[in-house]
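*Asks:* Sharing work.csv (CSV, C-alpha atoms and all ligand atoms) below.
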chain,number,residue,atom,x,y,z
A,1079,MET,CA,87.7,118.4,106.8
A,1080,SER,CA,88.7,119.2,103.2
A,1081,GLU,CA,86.0,118.1,100.6
A,1082,LEU,CA,88.8,116.7,98.5
A,1083,VAL,CA,89.9,113.9,100.8
A,1084,THR,CA,88.4,110.7,102.4
A,1085,ARG,CA,89.4,109.5,105.8
A,1086,ARG,CA,90.8,106.0,106.3
A,1087,GLY,CA,91.5,104.3,109.7
A,1088,SER,CA,90.2,105.2,113.1
A,1089,GLY,CA,90.7,108.5,114.7
A,1090,GLU,CA,91.7,111.9,113.4
A,1091,PRO,CA,93.9,111.6,110.3
A,1092,LEU,CA,97.6,112.4,111.0
A,1093,VAL,CA,98.9,111.9,107.5
A,1094,GLY,CA,97.5,113.2,104.2
A,1095,ILE,CA,98.1,111.2,101.1
A,1096,VAL,CA,97.4,113.2,98.0
A,1097,MET,CA,98.1,112.7,94.3
A,1098,GLY,CA,97.8,114.6,91.1
A,1099,SER,CA,95.3,112.2,89.5
A,1100,ASP,CA,93.3,109.0,90.2
A,1101,SER,CA,95.7,107.4,87.7
A,1102,ASP,CA,98.4,107.6,90.4
A,1103,TRP,CA,96.4,105.5,92.8
A,1104,PRO,CA,97.8,102.1,91.7
A,1105,VAL,CA,101.2,103.4,92.8
A,1106,MET,CA,100.1,105.5,95.8
A,1107,SER,CA,97.8,103.0,97.4
A,1108,ALA,CA,100.9,101.3,98.9
A,1109,ALA,CA,101.4,104.4,101.1
A,1110,GLY,CA,98.0,103.8,102.6
A,1111,GLU,CA,98.7,100.1,103.1
A,1112,ALA,CA,101.9,100.9,105.0
A,1113,LEU,CA,100.1,103.3,107.3
A,1114,ASP,CA,97.3,100.8,107.8
A,1115,ALA,CA,99.9,98.2,108.8
A,1116,VAL,CA,101.1,100.4,111.7
A,1117,GLU,CA,97.6,101.8,112.4
A,1118,VAL,CA,98.1,105.4,111.5
A,1119,ALA,CA,94.9,107.2,110.5
A,1120,HIS,CA,95.2,109.1,107.2
A,1121,GLU,CA,93.2,110.9,104.5
A,1122,VAL,CA,93.4,110.2,100.8
A,1123,GLY,CA,92.5,112.3,97.8
A,1124,VAL,CA,93.2,113.8,94.4
A,1125,VAL,CA,94.6,117.3,94.6
A,1126,SER,CA,96.0,118.4,91.3
A,1127,ALA,CA,98.6,121.2,91.2
A,1128,HIS,CA,97.8,122.1,87.6
A,1129,ARG,CA,94.2,121.2,87.2
A,1130,MET,CA,92.9,122.7,90.5
A,1131,PRO,CA,95.6,125.1,91.6
A,1132,GLN,CA,93.6,127.2,94.0
A,1133,ALA,CA,92.0,124.1,95.7
A,1134,MET,CA,95.6,122.6,96.0
A,1135,LEU,CA,96.9,125.8,97.7
A,1136,ASP,CA,93.9,125.9,100.0
A,1137,TYR,CA,94.4,122.2,100.9
A,1138,GLY,CA,98.1,122.7,101.6
A,1139,ALA,CA,97.3,125.8,103.8
A,1140,SER,CA,94.7,123.9,105.8
A,1141,VAL,CA,96.6,120.7,106.8
A,1142,ALA,CA,98.5,121.9,109.8
A,1143,GLY,CA,95.4,123.6,111.3
A,1144,ARG,CA,93.4,120.4,110.9
A,1145,GLY,CA,95.9,118.4,113.0
A,1146,LEU,CA,97.8,116.5,110.3
A,1147,ARG,CA,101.5,115.9,111.0
A,1148,VAL,CA,102.9,114.9,107.6
A,1149,LEU,CA,101.9,115.0,103.9
A,1150,ILE,CA,102.7,112.4,101.3
A,1151,ALA,CA,102.3,113.8,97.8
A,1152,GLY,CA,102.6,111.7,94.6
A,1153,ALA,CA,102.6,112.9,91.0
A,1154,GLY,CA,104.0,111.9,87.7
A,1155,GLY,CA,105.6,113.8,84.7
A,1156,ALA,CA,105.7,117.5,85.5
A,1157,ALA,CA,105.3,116.6,89.2
A,1158,HIS,CA,104.9,119.9,90.9
A,1159,LEU,CA,102.4,118.9,93.6
A,1160,PRO,CA,104.9,118.0,96.4
A,1161,GLY,CA,106.9,121.1,96.0
A,1162,MET,CA,103.9,123.4,95.8
A,1163,LEU,CA,102.4,121.9,98.9
A,1164,ALA,CA,105.7,122.3,100.7
A,1165,SER,CA,105.6,126.0,99.8
A,1166,VAL,CA,102.4,126.6,101.6
A,1167,THR,CA,102.8,124.5,104.7
A,1168,SER,CA,105.5,124.0,107.4
A,1169,LEU,CA,104.5,120.3,107.8
A,1170,PRO,CA,107.0,117.8,106.4
A,1171,VAL,CA,106.2,116.8,102.8
A,1172,ILE,CA,107.3,113.4,101.4
A,1173,GLY,CA,107.3,113.3,97.6
A,1174,VAL,CA,106.6,110.2,95.6
A,1175,PRO,CA,107.7,110.2,91.9
A,1176,VAL,CA,105.1,108.3,90.0
A,1177,PRO,CA,106.4,106.6,86.8
A,1178,LEU,CA,104.3,107.3,83.7
A,1179,LYS,CA,104.4,105.7,80.3
A,1180,TYR,CA,107.4,107.6,79.0
A,1181,LEU,CA,110.8,108.3,80.6
A,1182,ASP,CA,110.4,105.7,83.3
A,1183,GLY,CA,109.6,108.2,86.1
A,1184,LEU,CA,112.9,110.0,85.7
A,1185,ASP,CA,110.9,113.1,84.8
A,1186,SER,CA,108.8,112.8,87.9
A,1187,LEU,CA,111.9,112.2,90.1
A,1188,LEU,CA,113.7,115.2,88.9
A,1189,SER,CA,110.6,117.4,89.1
A,1190,ILE,CA,110.3,116.5,92.8
A,1191,VAL,CA,113.8,116.2,94.1
A,1192,GLN,CA,115.3,119.4,92.7
A,1193,MET,CA,113.7,121.8,95.2
A,1194,PRO,CA,115.1,125.3,95.7
A,1195,ALA,CA,116.9,126.0,99.0
A,1196,GLY,CA,114.5,126.8,101.8
A,1197,VAL,CA,111.6,124.6,100.6
A,1198,PRO,CA,112.4,121.0,101.4
A,1199,VAL,CA,110.6,117.9,100.1
A,1200,ALA,CA,111.8,114.4,101.3
A,1201,THR,CA,111.8,112.5,98.0
A,1202,VAL,CA,111.5,108.7,98.0
A,1203,SER,CA,112.4,106.4,95.1
A,1204,VAL,CA,110.4,106.3,91.8
A,1205,GLY,CA,107.2,104.4,92.7
A,1206,GLY,CA,108.4,104.3,96.4
A,1207,ALA,CA,105.0,104.9,98.0
A,1208,ARG,CA,105.4,102.1,100.5
A,1209,ASN,CA,108.5,103.7,101.9
A,1210,ALA,CA,106.7,107.1,101.9
A,1211,GLY,CA,104.0,105.6,104.1
A,1212,LEU,CA,106.6,104.1,106.5
A,1213,LEU,CA,108.6,107.3,106.6
A,1214,ALA,CA,105.4,109.3,107.4
A,1215,ALA,CA,104.7,106.7,110.2
A,1216,ARG,CA,108.3,107.2,111.6
A,1217,ILE,CA,107.7,111.0,111.7
A,1218,VAL,CA,104.4,110.5,113.6
A,1219,GLY,CA,106.1,107.8,115.7
A,1220,ALA,CA,108.8,110.2,116.9
A,1221,ALA,CA,106.2,111.9,119.1
A,1222,ASP,CA,103.9,108.8,119.6
A,1223,PRO,CA,105.4,105.8,121.5
A,1224,GLN,CA,102.6,103.5,120.5
A,1225,VAL,CA,103.2,104.1,116.8
A,1226,GLN,CA,106.9,103.7,117.4
A,1227,ALA,CA,106.3,100.4,119.1
A,1228,ARG,CA,104.3,99.2,116.1
A,1229,LEU,CA,107.2,100.3,113.8
A,1230,ASP,CA,109.6,98.3,116.0
A,1231,ARG,CA,107.5,95.2,115.6
A,1232,PHE,CA,107.3,95.9,111.8
A,1233,ARG,CA,111.1,96.0,111.6
A,1234,ALA,CA,111.4,92.8,113.6
A,1235,GLU,CA,109.0,91.1,111.2
A,1236,LEU,CA,111.1,92.3,108.3
A,1237,GLU,CA,114.1,90.7,109.8
A,1238,GLU,CA,112.2,87.4,110.5
A,1239,THR,CA,111.0,87.3,106.9
A,1240,ALA,CA,114.5,88.0,105.5
A,1241,ARG,CA,116.0,85.3,107.7
A,1242,ALA,CA,113.3,82.8,106.7
A,1243,LYS,CA,114.1,83.4,103.1
A,1244,GLY,CA,117.8,82.7,103.8
A,1245,ASP,CA,116.9,79.5,105.7
A,1246,ALA,CA,114.8,78.3,102.7
A,1247,LEU,CA,117.9,78.6,100.4
A,1248,ARG,CA,119.9,76.4,102.7
A,1249,HIS,CA,117.4,73.5,102.8
B,1301,LIG,C1,100.1,114.3,86.9
B,1301,LIG,O1,99.8,113.9,85.6
B,1301,LIG,C2,99.4,113.2,87.7
B,1301,LIG,O2,100.1,113.1,89.0
B,1301,LIG,C3,99.6,112.0,86.9
B,1301,LIG,O3,100.7,111.3,87.3
B,1301,LIG,C4,99.8,112.5,85.5
B,1301,LIG,C5,98.8,112.0,84.5
B,1301,LIG,O4,97.5,112.3,84.9
B,1301,LIG,P1,96.2,111.8,84.1
B,1301,LIG,O5,96.3,112.4,82.8
B,1301,LIG,O6,96.3,110.3,84.1
B,1301,LIG,O7,95.0,112.3,84.9
B,1301,LIG,O8,99.7,115.6,87.2
Mind turning the file's structure into structure tokens?

*Replies:*
Amino acid sequence: MSELVTRRGSGEPLVGIVMGSDSDWPVMSAAGEALDAVEVAHEVGVVSAHRMPQAMLDYGASVAGRGLRVLIAGAGGAAHLPGMLASVTSLPVIGVPVPLKYLDGLDSLLSIVQMPAGVPVATVSVGGARNAGLLAARIVGAADPQVQARLDRFRAELEETARAKGDALRH
């Protein structure tokens, strides 16, 4: 296991959640919560593209061999982490633009979404770590019927909640 990351959940991690700084965690923790909700084991850590470039490249090169299926990478500002990881692994990479104090996350979004042809990153909305976790679970679920069944239940609960809110308006 990489020294940069901590395991969460039971079993071998299938998803890696990494971020450029611990200051991204208040946003990125929602990705872990989404994976917890559908019981997908994951690992979490700080892997900075700019402050620890070689360790970041080594981490990205190691993930497929360690059995991970998807990476979620969050960063703010000059947010190069998701794209750089996507350049050293063939696993799907989901990028989360983290909003910083200035520019409302537009800088992060554009840094992540404008990838050159041939090196894809699936970019979620600014601050969209929860959806990144759910998207990662869907990718895992495509080859794991148990995870897919838990995602089906999750969607059914979403509908129930939305209907209950509508009902509350009518009373
Ligand atoms: C980025 O710089 C990180 O992803 C973070 O969003 C931002 C600021 O990092 P800190 O200065 O708070 O460590 O690389």

*Asks:* Pull the neighbourhood of (105.6, 109.9, 105.6) for me: all residues within 9 Å in file coordinates, counting all atoms listed in the file, as a PyMOL selection string.

*Replies:* chain A and resi 1093-1095+1109+1113+1148-1150+1170-1173+1200+1209-1218

*Asks:* Based on the selection just made, write C-alpha atoms of those residues as a JSON list (two decimals), in the coordinates of the input.

*Replies:*
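Everything below was put into again-v1.json:
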[["chain", "number", "residue", "atom", "x", "y", "z"],
["A", 1093, "VAL", "CA", 98.90, 111.90, 107.50],
["A", 1094, "GLY", "CA", 97.50, 113.20, 104.20],
["A", 1095, "ILE", "CA", 98.10, 111.20, 101.10],
["A", 1109, "ALA", "CA", 101.40, 104.40, 101.10],
["A", 1113, "LEU", "CA", 100.10, 103.30, 107.30],
["A", 1148, "VAL", "CA", 102.90, 114.90, 107.60],
["A", 1149, "LEU", "CA", 101.90, 115.00, 103.90],
["A", 1150, "ILE", "CA", 102.70, 112.40, 101.30],
["A", 1170, "PRO", "CA", 107.00, 117.80, 106.40],
["A", 1171, "VAL", "CA", 106.20, 116.80, 102.80],
["A", 1172, "ILE", "CA", 107.30, 113.40, 101.40],
["A", 1173, "GLY", "CA", 107.30, 113.30, 97.60],
["A", 1200, "ALA", "CA", 111.80, 114.40, 101.30],
["A", 1209, "ASN", "CA", 108.50, 103.70, 101.90],
["A", 1210, "ALA", "CA", 106.70, 107.10, 101.90],
["A", 1211, "GLY", "CA", 104.00, 105.60, 104.10],
["A", 1212, "LEU", "CA", 106.60, 104.10, 106.50],
["A", 1213, "LEU", "CA", 108.60, 107.30, 106.60],
["A", 1214, "ALA", "CA", 105.40, 109.30, 107.40],
["A", 1215, "ALA", "CA", 104.70, 106.70, 110.20],
["A", 1216, "ARG", "CA", 108.30, 107.20, 111.60],
["A", 1217, "ILE", "CA", 107.70, 111.00, 111.70],
["A", 1218, "VAL", "CA", 104.40, 110.50, 113.60]]

*Asks:* Quick one: of A:Val1118, A:Leu1181, A:Val1199, A:Val1124, who's nearest to Ser1168 (chain A), counting all atoms listed in the file?

*Replies:*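 Residue with the minimum atom-to-atom distance to Ser1168 (chain A): A:Val1199.
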
*Asks:* When you draw a straight line from CA of Ala1157 (chain A) to CA of Gly1123 (chain A), how long is it in Å?

*Replies:*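 CA of Gly1123 (chain A) lies 16.0 Å from CA of Ala1157 (chain A).
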
*Asks:* Pick out the closest residue to ligand LIG 1301 (chain B) from this set: A:Asp1136, A:Asp1185, A:Asp1114, A:Glu1090. Count only C-alpha atoms and all ligand atoms.

*Replies:*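 Distance minimum relative to ligand LIG 1301 (chain B) lands on A:Asp1185.
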
*Asks:* Considering only C-alpha atoms, can you say which of A:Gly1183, A:Gly1110, A:Gly1161, A:Pro1175 comes closest to Pro1198 (chain A)?

*Replies:* A:Gly1161

*Asks:* Which value, in Å to one decimal, gives the distance between CA of Asp1230 (chain A) and CA of Glu1117 (chain A)?

*Replies:*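 Here the two named atoms are 13.0 Å from each other.
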
*Asks:* Residues within 8 Å of ligand LIG 1301 (chain B), counting all atoms listed in the file: report them as number ranges by chain.

*Replies:* A: 1097-1102, 1126-1129, 1152-1159, 1176-1178

*Asks:* Pick the closest to Leu1082 (chain A) from A:Glu1238, A:Glu1111, A:Asp1182, A:Glu1121: which is it, counting all atoms listed in the file?

*Replies:*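 Of all the options, A:Glu1121 lies closest to Leu1082 (chain A).
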
*Asks:* Which residue is closest to Gly1196 (chain A)? Choose from A:Ala1234, A:Ala1164, A:Ala1227, A:Met1106 and count only C-alpha atoms.

*Replies:*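 Ranking A:Ala1234, A:Ala1164, A:Ala1227, A:Met1106 by distance to Gly1196 (chain A), first place goes to A:Ala1164.
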
*Asks:* Tell me which of A:Val1116, A:Val1105, A:Ala1220, A:Ala1142 sits closest to Arg1233 (chain A), counting only C-alpha atoms.

*Replies:* A:Val1116

*Asks:* Any idea what the distance is between CA of Arg1241 (chain A) and CA of Ser1107 (chain A)?

*Replies:*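 Computing the Euclidean distance for CA of Arg1241 (chain A) and CA of Ser1107 (chain A) yields 27.4 Å.
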